[in-house]
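Have a look at the structure below before the remarks.
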Amino acid sequence: MAEATWEKSASPTVKSAGGGRLKFLIGGLLILAAVAYLIISGTSAGARYFITVDELVANRDYVGKTVRISGAVIGDTIQYDGQNLIMDFTIAHIPTEYQNLALTLYEAANDPNATRLPVHIVNQPKPDLLQHEAQAILTGKLGEDGVFYASELLLKCPTRFEEAEPGKAIVEPSA
Amino acid sequence: MLAEIGLVSTFLAFVAALYAIVVAVIGGRRHAERLIVSARNAALLTFLLLLVATGALVVALMTEQYQMSYVWSVSDPATPPFYRFTALWGSQKGSLLFWSLLMSLFAAAALLINWRTHRRLMPYVIAYTMATLAFFVGLVLFYENPFERWWLVGSQAVSSALIPAGAAAPTAERLAETANGLNPLLRHFGMIIHPPMLYLGFVGFVIPFAFAMAALASGDLSTNWIKATRRWTLVAWLFLSLGLLLGGRWAYDVLGWGGYWGWDPVENAAFLPWLIGTAFLHSVMIQEKRGMLKVWNMFLVIGTFSAVIFGTFATRSGLIDSVHSFARSEIGFPMFFFWAIISLISAGLILWRWNRGELKDEHRFVNILSRESLFVLNNVVFVMLFVAIFWGSFGAPVVSELFMNENITLGTDYFLRVTPPLFVALYILMGIAPLSAWGATSLRRLSRSLIVPLALTAVLLVGVVITQHTGDPGALFGYGIVSMAGFVALYETYRGATARRRSLGESWPRAIGALFTRNRRRYGGYVVHLGITVIGIGVIGSTLFQQETQRTLSVGETLDFGGYSLRYDGFTDAIAEDGRRMQIADVTISRDGRELARLRPRQDIYPTMPMTIAGSYSTAEADYYVLLVGWEETSAQNATFKVYINPLINLVWWGGVILILGTLIGTWPTETVPAQLRQAAPINGRARAKA
């Protein structure tokens with residue numbers, strides 16, 4: 001093999017002393033400890049508690065704390081000031097446990113009794129998916145004024161409700 | 001008709017794969033040649049059958065057979081032919097079939113190419129590849145069948161592979177009218193090639209895994225399996241890298257947030273196999289050259305396979321949303337069982353061979369500066385990165401949900417805090433390891449080889465500071481570490497060429513050409529390192545120095561930002577051929593009074609959603625990336641733009657091209673050198689000793 005000859009190889013039967021092994025062991029443990037520290041400190045710094053709108057609104061302790069919430073976007077409330085990039089809309093509470101996301105979003109957005117939360121976002125272009133019955137996943141803080149100031153907005157595909165019963169359109173002739 | 005053809009051939013492929021597993025294992029244990037050959041033929045047959053099945057689905061897509069619910073869900077009459085074809089992987093069901101086809105293609109190729117040379121491994125290679133294939137084909141058949149058709153049963157539309165009792169077929173017109181069309185996000189060249197590349201990378205890694213497990217099962221624990229699979233590993237790695245790069249490019253062009261990597265769980269799921277696969281790529285070299293790390297390599301190859309299976313499903317099974325949705329997902333549990341069974345069998349094989357003392361290392365680690373030690377360090381860092389990213393994207397959310405009854409996710413700040421030190425460590429190792437020797441390296445020799453690359457790095461940094469590009473210590477540190485690794489790669493190639501020139505009197509091009517043809521893996525590897533360096537510089541520049549702003553402009557008005565000016569010239573409202581409405585802003589970018597480019601940032605309005613398409617002006621220095629984010633509905637006299645200046649971002653893509661080239665060089669088949677000529681090879685060795 002041409003490539004094997006490239007390297008100077010040490011004599012094959014060098015016996016390593018026990019001290020050598022210990023060195024490797026200590027080195028390895030140090031690396032592990034450093035990485036463990038990195039991961040743990042990163043986790044505590046980056047952890048975002050995912051809570052529901054109900055929980056957020058019910059507990060004053062959350063005011064001013066960075067949390068992650070998700071809710072159903074109510075289409076009529078979306079207001080976007082394209083000049084200053086200010087986005088306002090309202091989301092409705094959705095439970096954490098559900099069988100069908102699309103159906104849950106549909107019900108939440110159309111339930112007048114569901115807890116609602118106004119959301120305010122600045123400096124972001126209006127996302128393409130911000131629509132009625134979209135699931136908004138927001139990171140931010142609840143202000144004293146009861147408005148959720150979000151710094152991060154993620155949206156889940158809103159066409160899922162149709163997907164839940166995709167065949168419906170085939171049966172019912174559209175009016 | 002097409003649905004029946006597809007269904008029957010998929011089913012036959014499933015049966016053939018199962019047959020191949022059973023017969024191959026029996027044949028392997030009894031050393032029955034006829035059985036092994038029969039198993040191989042069955043394995044080859046799966047490819048032909050899946051080719052027919054996939055062909056049937058493609059024909060159905062191209063000829064608009066909307067009674068097939070898959071065709072109905074990913075295309076509509078307005079879909080152009082090209083996207084009709086790519087709709088094959090536009091959704092889960094088609095993707096899984098396509099995945100299976102690629103898997104059987106790789107399996108067939110591996111069996112044909114290695115049949116004569118690695119006969120002893122073959123029965124178990126068949127068994128492992130066909131087990132993986134059978135699982136995926138089983139999913140296609142029983143869970144995610146792309147050959148289902150729409151049927152009207154009473155007043156309900158049902159999607160079913162078999163014809164339900166009393167069912168009637170819906171009319172073709174109605175089906176065509178209601179068809180969904182391809183997700184607009186997927187209509188981009190990056191998204192079209194990205195999934196197949198990723199799948200090729202994923203299935204490619206199944207081959208080294210199957211050979212490794214075959215080595216354990218057959219007892220041929222020499223380096224045979226490594227020699228047979230090193231090219232497969234590189235091919236898989238090539239496709240996976242390409243898939244990741246294209247995915248980043250797609251995000252940058254289509255998602256309109258000015259970035260290419262967001263530490264999103266879906267992205268991370270594809271990055272995980274790459275990390276552990278890269279670790280494997282390096283550590284098998286130690287086993288090949290020094291007979292060390294045998295058990296570790298086995299675990300790495302199982303890890304790569306697991307990451308591939310995990311990556312395929314994490315994104316599909318709902319695991320990312322929540323543990324609960326994972327349990328609800330139809331393919332979540334089958335996938336988990338498959339992975340668990342394969343991993344248990346594999347770990348059992350390792351333990352069995354290890355107990356019999358057959359996985360003993362032939363050398364021991366002596367010197368911390370030896371190449372093998374540095375490679376082990378590289379492996380440790382790769383695995384740590386794997387662990388950290390896995391924990392951040394999947395571990396923490398799942399553990400918190402299961403055990404703390406709380407739902408915790410880790411944001412990008414976690415990844416931005418944890419990964420940079422590890423990447424820095426990797427780049428340092430990438431700079432040092434190529435200079436070290438097997439067995440032991442003296443510190444003096446190592447520092448001597450580092451002088452030139454270090455000097456070059458210093459010159460570069462001083463240049464950066466003098467030209468006032470940046471004086472930020474963090475950025476300079478990053479640029480320094482990263483470019484050092486690149487200079488080492490360049491300098492080593494230069495040294496190799498000089499040595500040849502001196503000893504053989506060759507010209508520069510000839511000497512470099514000879515280096516690359518004689519030792520493709522080594523010098524291809526350096527080119528890959530250079531690519532990674534260039535990517536690293538691009539990542540540092542575009543992450544640390546991104547600038548953004550937004551402004552509303554009236555027609556004729558200008559926005560000055562970051563040394564560029566943008567003039568809003570006018571607005572166009574157009575309807576594209578496929579029916580989408582395009583709202584286009586015409587803008588002119590200039591610098592120092594010189595016109596650079598006319599851009600057309602736009603929004604495409606699809607029936608389901610709008611899409612923001614950026615306009616960008618690219619140079620080596622930076623991308624001027626502009627989004628149209630708002631406009632006055634009636635006159636469009638005023639429009640709002642968001643502008644990003646992304647410095648050095650193009651180095652990410654160019655580095656990607658270099659990386660791909662380097663991998664191709666490393667993968668390219670070498671002419672087999674006849675044994676007597678091999679004796680001539682030590683020329684290299686002499687040259688090296690002189691240098």
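Ligands are numbered from 1 in the order shown, residues from 1 within each chain, and chains are lettered A, B, ... in the order they appear in the structure tokens.
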Within 10 Å of Val462 in chain B using only C-alpha atoms, minus same-chain residues under 6 positions, as an MDAnalysis selection string = chainID B and resid 456 468 471 476
If you keep N, CA, C and O atoms, can you produce a file of those selected residues as a compact mmCIF listing (two decimals), in the first residue's frame?
# COMPACT_ATOMS: atom_id res chain seq x y z
N LEU B 456 2.00 32.12 8.59
CA LEU B 456 1.01 32.54 7.60
C LEU B 456 -0.25 33.06 8.29
O LEU B 456 -0.83 34.07 7.88
N GLN B 468 -8.38 47.13 8.61
CA GLN B 468 -9.52 47.55 9.43
C GLN B 468 -10.79 46.77 9.16
O GLN B 468 -11.88 47.30 9.20
N GLY B 471 -11.17 44.33 14.52
CA GLY B 471 -10.16 44.28 15.55
C GLY B 471 -10.68 43.52 16.74
O GLY B 471 -10.05 43.46 17.80
N LEU B 476 -10.91 37.60 15.78
CA LEU B 476 -9.54 37.32 15.34
C LEU B 476 -9.09 35.94 15.82
O LEU B 476 -8.46 35.19 15.09
Enumerate, as a ChimeraX atom specification, the complete set of residues in range 267-495 of chain B that a backbone-based DSSP assignment places in alpha helix (DSSP H).
/B:267-290,294-314,323-328,332-355,371-390,396-403,412-432,443-466,473-495
Query raised in the report: Pick from B:Val629, B:Val153, B:Leu238, B:Leu216: nearest to chain A, with only C-alpha atoms counted?
Result: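 Residue with the minimum atom-to-atom distance to chain A: B:Val629.
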Handout entry: Nearest-residue call for chain B, choices A:Leu105, A:Val122, A:Leu117, A:Ala72, using only C-alpha atoms
Key =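 Of A:Leu105, A:Val122, A:Leu117, A:Ala72, the one nearest chain B, counting only C-alpha atoms, is A:Val122.
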For Ala109 in chain A, the closest of A:Asp145, A:Thr139, A:Gln83, A:Gly71 counting only C-alpha atoms is A:Gly71
Counting only C-alpha atoms, closest pick from B:Leu97, B:Leu661, B:Ala585, B:Leu175 relative to Phe135 in chain B is B:Leu97
Would you give me, as number ranges by chain, the residues of chain B that come within 6 Å of chain A, using only C-alpha atoms? B: 157, 366, 407-411, 413-414, 418, 438-439, 519, 552, 610-611, 629-630, 640, 681, 685
